[in-house]
file input-v7.cif (mmCIF, C-alpha atoms)
data_target
#
loop_
_atom_site.label_atom_id
_atom_site.label_comp_id
_atom_site.auth_asym_id
_atom_site.auth_seq_id
_atom_site.Cartn_x
_atom_site.Cartn_y
_atom_site.Cartn_z
CA MET A 1 92.87 158.79 57.60
CA PRO A 2 94.13 157.94 61.10
CA ARG A 3 92.97 160.10 63.96
CA ILE A 4 94.90 161.49 66.92
CA PHE A 5 92.82 162.53 69.92
CA GLY A 6 89.80 162.69 67.62
CA HIS A 7 91.54 164.87 65.05
CA ASP A 8 92.51 163.92 61.52
CA LEU A 9 96.23 163.13 61.20
CA LEU A 10 96.54 165.54 58.28
CA ALA A 11 95.15 168.38 60.40
CA VAL A 12 97.53 167.51 63.25
CA ILE A 13 100.51 167.60 60.88
CA ALA A 14 99.33 170.84 59.27
CA ALA A 15 98.88 172.47 62.69
CA ALA A 16 102.41 171.50 63.77
CA VAL A 17 103.83 172.78 60.48
CA ALA A 18 101.94 176.07 60.95
CA ILE A 19 103.50 176.61 64.38
CA TYR A 20 106.94 175.83 62.99
CA VAL A 21 106.48 178.19 60.01
CA ILE A 22 105.23 181.01 62.25
CA GLY A 23 108.32 180.60 64.43
CA PHE A 24 110.59 180.56 61.38
CA LEU A 25 108.99 183.72 60.01
CA ILE A 26 109.20 185.56 63.32
CA TYR A 27 112.65 184.48 64.50
CA GLY A 28 114.34 183.58 61.23
CA LEU A 29 113.12 186.21 58.81
CA ILE A 30 111.08 189.15 60.08
CA PHE A 31 112.52 189.85 63.53
CA ASN A 32 115.83 187.97 63.37
CA ALA A 33 118.06 190.94 64.19
CA PHE A 34 115.69 192.16 66.92
CA TRP A 35 115.48 188.65 68.45
CA MET A 36 119.26 188.24 68.49
CA GLU A 37 119.69 191.72 70.00
CA GLN A 38 117.08 191.11 72.72
CA TYR A 39 118.80 187.91 73.85
CA GLY A 40 122.34 189.18 73.28
CA TYR A 41 123.08 186.56 70.62
CA THR A 42 125.73 186.77 67.96
CA ALA A 43 126.42 184.49 65.02
CA ASP A 44 128.98 182.69 67.23
CA SER A 45 126.48 182.13 70.05
CA PHE A 46 125.21 178.95 68.45
CA ALA A 47 128.55 177.22 67.88
CA GLY A 48 128.54 173.88 69.66
CA HIS A 49 124.79 174.04 70.24
CA GLU A 50 123.61 172.99 66.77
CA TRP A 51 122.21 169.73 68.17
CA ARG A 52 119.46 171.74 69.84
CA MET A 53 117.95 172.40 66.43
CA PHE A 54 116.53 168.87 66.68
CA LEU A 55 114.03 170.30 69.17
CA GLY A 56 112.66 172.71 66.55
CA PRO A 57 110.07 170.30 65.14
CA VAL A 58 109.51 168.51 68.46
CA MET A 59 108.05 171.54 70.26
CA PRO A 60 105.23 172.23 67.75
CA ILE A 61 104.34 168.53 67.64
CA LEU A 62 104.03 168.42 71.44
CA THR A 63 101.99 171.62 71.44
CA VAL A 64 99.56 170.29 68.83
CA LEU A 65 99.20 166.93 70.56
CA GLY A 66 98.41 168.74 73.81
CA LEU A 67 95.86 170.99 72.12
CA ALA A 68 94.23 168.06 70.32
CA ALA A 69 93.95 166.09 73.56
CA LEU A 70 92.51 169.10 75.36
CA PHE A 71 89.98 169.79 72.60
CA GLN A 72 88.88 166.16 72.70
CA THR A 73 88.62 166.17 76.50
CA ALA A 74 86.62 169.40 76.44
CA ASN A 75 84.47 168.03 73.61
CA ALA A 76 85.20 171.27 71.75
CA SER A 77 83.68 171.65 68.33
CA GLY A 78 83.81 174.56 65.97
CA LEU A 79 86.27 177.35 65.36
CA LYS A 80 85.05 179.61 68.19
CA ALA A 81 85.49 176.90 70.84
CA HIS A 82 88.92 175.94 69.56
CA LEU A 83 90.14 179.54 69.48
CA ARG A 84 88.74 180.27 72.95
CA ILE A 85 90.45 177.22 74.44
CA GLY A 86 93.63 178.00 72.49
CA PHE A 87 93.68 181.51 73.96
CA ILE A 88 93.16 180.13 77.47
CA VAL A 89 96.02 177.68 76.93
CA TRP A 90 98.24 180.53 75.75
CA ALA A 91 97.37 182.89 78.63
CA GLY A 92 97.22 180.26 81.36
CA PHE A 93 100.25 178.21 80.43
CA SER A 94 102.47 179.72 77.73
CA LEU A 95 102.34 183.37 78.79
CA SER A 96 102.48 182.54 82.49
CA THR A 97 105.55 180.35 81.90
CA LEU A 98 107.22 183.12 79.91
CA LEU A 99 106.47 185.54 82.74
CA TYR A 100 108.33 183.28 85.18
CA GLY A 101 111.36 183.59 82.92
CA PHE A 102 110.92 187.34 82.69
CA ALA A 103 110.46 187.81 86.43
CA TYR A 104 113.29 185.58 87.59
CA ALA A 105 115.77 185.56 84.71
CA ILE A 106 116.91 189.15 84.80
CA THR A 107 118.53 188.84 81.38
CA MET A 108 115.17 188.51 79.57
CA THR A 109 114.19 191.88 78.11
CA PRO A 110 110.64 193.18 77.66
CA GLY A 111 111.21 192.94 73.90
CA ALA A 112 112.17 189.28 74.16
CA LEU A 113 109.12 188.60 76.32
CA ALA A 114 106.83 190.34 73.82
CA LEU A 115 108.35 188.53 70.83
CA ASP A 116 108.10 185.12 72.48
CA ALA A 117 104.55 185.81 73.68
CA VAL A 118 103.37 186.89 70.23
CA HIS A 119 105.03 183.87 68.64
CA LEU A 120 103.27 181.48 71.00
CA LEU A 121 99.92 183.27 70.71
CA LEU A 122 99.94 183.21 66.91
CA GLY A 123 101.15 179.61 66.79
CA ILE A 124 98.60 178.30 69.28
CA LEU A 125 95.70 180.15 67.66
CA ALA A 126 96.73 179.00 64.17
CA ALA A 127 97.03 175.39 65.35
CA SER A 128 93.70 175.65 67.16
CA ALA A 129 92.01 176.85 63.99
CA ILE A 130 93.65 174.21 61.81
CA LEU A 131 92.62 171.40 64.14
CA VAL A 132 88.97 172.23 63.41
CA TRP A 133 89.64 171.28 59.79
CA ARG A 134 88.63 167.72 58.89
CA LYS A 135 87.42 167.03 62.43
#

call {"tool": "encode", "arguments": {"input": "input-v7.cif", "output": "structure tokens"}}
result
Amino acid sequence: MPRIFGHDLLAVIAAAVAIYVIGFLIYGLIFNAFWMEQYGYTADSFAGHEWRMFLGPVMPILTVLGLAALFQTANASGLKAHLRIGFIVWAGFSLSTLLYGFAYAITMTPGALALDAVHLLLGILAASAILVWRK
């Protein structure tokens, strides 16, 4: 099986799918009404913006490629190392970036911040754990 940044291609694909599925569950199924309320969305909000859905699978792929490259660079092995680095990535990059949006985009609610932060935390930790598989 081909390898990407030292990780099995199948694990890379599975990690990206996991992030996508977690996002779908959080935003599409479990907290859909809450998410739309927090951002002030309605069913009509997305009209004319459907093309952006193309980015849906791109974001998890980029996240997993970044994690895989970081794990390889750090010579990380084992679940504990992957999860620790994944948490650092989340806190140092994902959460801090979300906080910029919260601090300077006055329309972002605390609920939206919490939902987005949890989504990214769960996705990054799941991908980090999956990338250990078949390494």

call {"tool": "closest_residue", "arguments": {"input": "input-v7.cif", "among": "A:Val58, A:Leu83, A:Met1, A:Ala68", "to": "Ile19 in chain A", "atoms": "all atoms listed in the file"}}
result
A:Val58

call {"tool": "resolve_selection", "arguments": {"input": "input-v7.cif", "expression": "the PyMOL selection byres ((chain A and resi 117-127) around 8)", "output": "ChimeraX atom specification"}}
result
/A:14-16,18-20,22-23,26,63-64,83,86-87,90,94-95,98,113-116,128-131

call {"tool": "closest_residue", "arguments": {"input": "input-v7.cif", "among": "A:Leu99, A:Val89, A:Leu55, A:Val17", "to": "Leu70 in chain A", "atoms": "all atoms listed in the file"}}
result
A:Val89

call {"tool": "axis_aligned_box", "arguments": {"input": "input-v7.cif", "around": "range 52-61 of chain A", "padding_each_side": "3 Å", "output": "JSON"}}
result
{"center_x": 111.9, "center_y": 170.6, "center_z": 67.7, "size_x": 21.1, "size_y": 10.2, "size_z": 11.1}

call {"tool": "closest_residue", "arguments": {"input": "input-v7.cif", "among": "A:Met59, A:Tyr39, A:Tyr27, A:Val12", "to": "Ile106 in chain A", "atoms": "only C-alpha atoms"}}
result
A:Tyr39

call {"tool": "closest_residue", "arguments": {"input": "input-v7.cif", "among": "A:Gly78, A:Gly66, A:Gly111, A:Gly101", "to": "Phe5 in chain A", "atoms": "all atoms listed in the file"}}
result
A:Gly66

call {"tool": "atom_distance", "arguments": {"input": "input-v7.cif", "atom1": "CA of Gly28 in chain A", "atom2": "CA of Gly92 in chain A"}}
result
26.6 Å

call {"tool": "build_atoms", "arguments": {"input": "input-v7.cif", "residues": "range 31-42 of chain A", "atoms": "all heavy atoms", "output": "PDB file, in the frame of the given file"}}
result
ATOM      1  N   PHE A  31     111.948 189.199  62.357  1.00  0.00           N
ATOM      2  CA  PHE A  31     112.520 189.850  63.530  1.00  0.00           C
ATOM      3  C   PHE A  31     113.852 189.230  63.965  1.00  0.00           C
ATOM      4  O   PHE A  31     114.205 189.292  65.139  1.00  0.00           O
ATOM      5  CB  PHE A  31     111.531 189.785  64.711  1.00  0.00           C
ATOM      6  CG  PHE A  31     110.255 190.538  64.462  1.00  0.00           C
ATOM      7  CD1 PHE A  31     109.080 189.859  64.198  1.00  0.00           C
ATOM      8  CD2 PHE A  31     110.241 191.922  64.469  1.00  0.00           C
ATOM      9  CE1 PHE A  31     107.898 190.538  63.969  1.00  0.00           C
ATOM     10  CE2 PHE A  31     109.070 192.611  64.236  1.00  0.00           C
ATOM     11  CZ  PHE A  31     107.891 191.924  63.979  1.00  0.00           C
ATOM     12  N   ASN A  32     114.592 188.673  63.027  1.00  0.00           N
ATOM     13  CA  ASN A  32     115.830 187.970  63.370  1.00  0.00           C
ATOM     14  C   ASN A  32     116.809 188.871  64.102  1.00  0.00           C
ATOM     15  O   ASN A  32     117.326 188.503  65.168  1.00  0.00           O
ATOM     16  CB  ASN A  32     116.465 187.366  62.122  1.00  0.00           C
ATOM     17  CG  ASN A  32     117.721 186.604  62.460  1.00  0.00           C
ATOM     18  OD1 ASN A  32     118.812 187.156  62.398  1.00  0.00           O
ATOM     19  ND2 ASN A  32     117.558 185.347  62.830  1.00  0.00           N
ATOM     20  N   ALA A  33     117.084 190.036  63.567  1.00  0.00           N
ATOM     21  CA  ALA A  33     118.060 190.940  64.190  1.00  0.00           C
ATOM     22  C   ALA A  33     117.559 191.402  65.565  1.00  0.00           C
ATOM     23  O   ALA A  33     118.335 191.452  66.533  1.00  0.00           O
ATOM     24  CB  ALA A  33     118.345 192.132  63.294  1.00  0.00           C
ATOM     25  N   PHE A  34     116.279 191.732  65.652  1.00  0.00           N
ATOM     26  CA  PHE A  34     115.690 192.160  66.920  1.00  0.00           C
ATOM     27  C   PHE A  34     115.774 191.043  67.948  1.00  0.00           C
ATOM     28  O   PHE A  34     116.154 191.271  69.099  1.00  0.00           O
ATOM     29  CB  PHE A  34     114.232 192.580  66.708  1.00  0.00           C
ATOM     30  CG  PHE A  34     113.526 192.988  67.973  1.00  0.00           C
ATOM     31  CD1 PHE A  34     113.789 194.216  68.559  1.00  0.00           C
ATOM     32  CD2 PHE A  34     112.600 192.146  68.572  1.00  0.00           C
ATOM     33  CE1 PHE A  34     113.138 194.602  69.729  1.00  0.00           C
ATOM     34  CE2 PHE A  34     111.950 192.518  69.739  1.00  0.00           C
ATOM     35  CZ  PHE A  34     112.216 193.752  70.319  1.00  0.00           C
ATOM     36  N   TRP A  35     115.423 189.812  67.557  1.00  0.00           N
ATOM     37  CA  TRP A  35     115.480 188.650  68.450  1.00  0.00           C
ATOM     38  C   TRP A  35     116.896 188.435  68.970  1.00  0.00           C
ATOM     39  O   TRP A  35     117.097 188.274  70.173  1.00  0.00           O
ATOM     40  CB  TRP A  35     114.978 187.416  67.693  1.00  0.00           C
ATOM     41  CG  TRP A  35     115.238 186.114  68.367  1.00  0.00           C
ATOM     42  CD1 TRP A  35     114.709 185.673  69.550  1.00  0.00           C
ATOM     43  CD2 TRP A  35     116.094 185.078  67.914  1.00  0.00           C
ATOM     44  NE1 TRP A  35     115.185 184.416  69.847  1.00  0.00           N
ATOM     45  CE2 TRP A  35     116.031 184.030  68.854  1.00  0.00           C
ATOM     46  CE3 TRP A  35     116.903 184.923  66.788  1.00  0.00           C
ATOM     47  CZ2 TRP A  35     116.755 182.852  68.711  1.00  0.00           C
ATOM     48  CZ3 TRP A  35     117.612 183.742  66.646  1.00  0.00           C
ATOM     49  CH2 TRP A  35     117.538 182.730  67.603  1.00  0.00           C
ATOM     50  N   MET A  36     117.877 188.461  68.066  1.00  0.00           N
ATOM     51  CA  MET A  36     119.260 188.240  68.490  1.00  0.00           C
ATOM     52  C   MET A  36     119.732 189.352  69.430  1.00  0.00           C
ATOM     53  O   MET A  36     120.407 189.092  70.416  1.00  0.00           O
ATOM     54  CB  MET A  36     120.168 188.100  67.276  1.00  0.00           C
ATOM     55  CG  MET A  36     119.887 186.789  66.543  1.00  0.00           C
ATOM     56  SD  MET A  36     120.952 186.449  65.155  1.00  0.00           S
ATOM     57  CE  MET A  36     122.524 186.197  65.936  1.00  0.00           C
ATOM     58  N   GLU A  37     119.322 190.578  69.139  1.00  0.00           N
ATOM     59  CA  GLU A  37     119.690 191.720  70.000  1.00  0.00           C
ATOM     60  C   GLU A  37     119.063 191.587  71.389  1.00  0.00           C
ATOM     61  O   GLU A  37     119.721 191.831  72.402  1.00  0.00           O
ATOM     62  CB  GLU A  37     119.228 193.014  69.334  1.00  0.00           C
ATOM     63  CG  GLU A  37     119.446 194.251  70.175  1.00  0.00           C
ATOM     64  CD  GLU A  37     118.780 195.467  69.555  1.00  0.00           C
ATOM     65  OE1 GLU A  37     118.917 195.652  68.328  1.00  0.00           O
ATOM     66  OE2 GLU A  37     118.104 196.211  70.293  1.00  0.00           O
ATOM     67  N   GLN A  38     117.791 191.213  71.445  1.00  0.00           N
ATOM     68  CA  GLN A  38     117.080 191.110  72.720  1.00  0.00           C
ATOM     69  C   GLN A  38     117.694 190.046  73.638  1.00  0.00           C
ATOM     70  O   GLN A  38     117.678 190.182  74.853  1.00  0.00           O
ATOM     71  CB  GLN A  38     115.603 190.811  72.498  1.00  0.00           C
ATOM     72  CG  GLN A  38     114.837 191.941  71.865  1.00  0.00           C
ATOM     73  CD  GLN A  38     114.949 193.223  72.669  1.00  0.00           C
ATOM     74  OE1 GLN A  38     114.560 193.297  73.826  1.00  0.00           O
ATOM     75  NE2 GLN A  38     115.504 194.258  72.059  1.00  0.00           N
ATOM     76  N   TYR A  39     118.194 188.978  73.049  1.00  0.00           N
ATOM     77  CA  TYR A  39     118.800 187.910  73.850  1.00  0.00           C
ATOM     78  C   TYR A  39     120.320 188.020  73.933  1.00  0.00           C
ATOM     79  O   TYR A  39     120.959 187.217  74.605  1.00  0.00           O
ATOM     80  CB  TYR A  39     118.385 186.537  73.303  1.00  0.00           C
ATOM     81  CG  TYR A  39     117.010 186.126  73.765  1.00  0.00           C
ATOM     82  CD1 TYR A  39     115.909 186.259  72.932  1.00  0.00           C
ATOM     83  CD2 TYR A  39     116.815 185.625  75.043  1.00  0.00           C
ATOM     84  CE1 TYR A  39     114.648 185.888  73.361  1.00  0.00           C
ATOM     85  CE2 TYR A  39     115.551 185.256  75.482  1.00  0.00           C
ATOM     86  CZ  TYR A  39     114.478 185.387  74.641  1.00  0.00           C
ATOM     87  OH  TYR A  39     113.227 185.022  75.074  1.00  0.00           O
ATOM     88  N   GLY A  40     120.888 188.998  73.249  1.00  0.00           N
ATOM     89  CA  GLY A  40     122.340 189.180  73.280  1.00  0.00           C
ATOM     90  C   GLY A  40     123.089 188.138  72.478  1.00  0.00           C
ATOM     91  O   GLY A  40     124.250 187.839  72.764  1.00  0.00           O
ATOM     92  N   TYR A  41     122.441 187.584  71.451  1.00  0.00           N
ATOM     93  CA  TYR A  41     123.080 186.560  70.620  1.00  0.00           C
ATOM     94  C   TYR A  41     123.925 187.188  69.538  1.00  0.00           C
ATOM     95  O   TYR A  41     123.652 188.294  69.059  1.00  0.00           O
ATOM     96  CB  TYR A  41     122.031 185.674  69.947  1.00  0.00           C
ATOM     97  CG  TYR A  41     121.167 184.848  70.870  1.00  0.00           C
ATOM     98  CD1 TYR A  41     119.885 184.493  70.487  1.00  0.00           C
ATOM     99  CD2 TYR A  41     121.614 184.409  72.105  1.00  0.00           C
ATOM    100  CE1 TYR A  41     119.073 183.731  71.310  1.00  0.00           C
ATOM    101  CE2 TYR A  41     120.814 183.644  72.928  1.00  0.00           C
ATOM    102  CZ  TYR A  41     119.543 183.310  72.532  1.00  0.00           C
ATOM    103  OH  TYR A  41     118.753 182.553  73.342  1.00  0.00           O
ATOM    104  N   THR A  42     124.940 186.450  69.136  1.00  0.00           N
ATOM    105  CA  THR A  42     125.730 186.770  67.960  1.00  0.00           C
ATOM    106  C   THR A  42     125.752 185.532  67.078  1.00  0.00           C
ATOM    107  O   THR A  42     125.264 184.467  67.490  1.00  0.00           O
ATOM    108  CB  THR A  42     127.178 187.145  68.337  1.00  0.00           C
ATOM    109  OG1 THR A  42     127.821 185.980  68.889  1.00  0.00           O
ATOM    110  CG2 THR A  42     127.226 188.291  69.330  1.00  0.00           C
TER     111      THR A  42
END
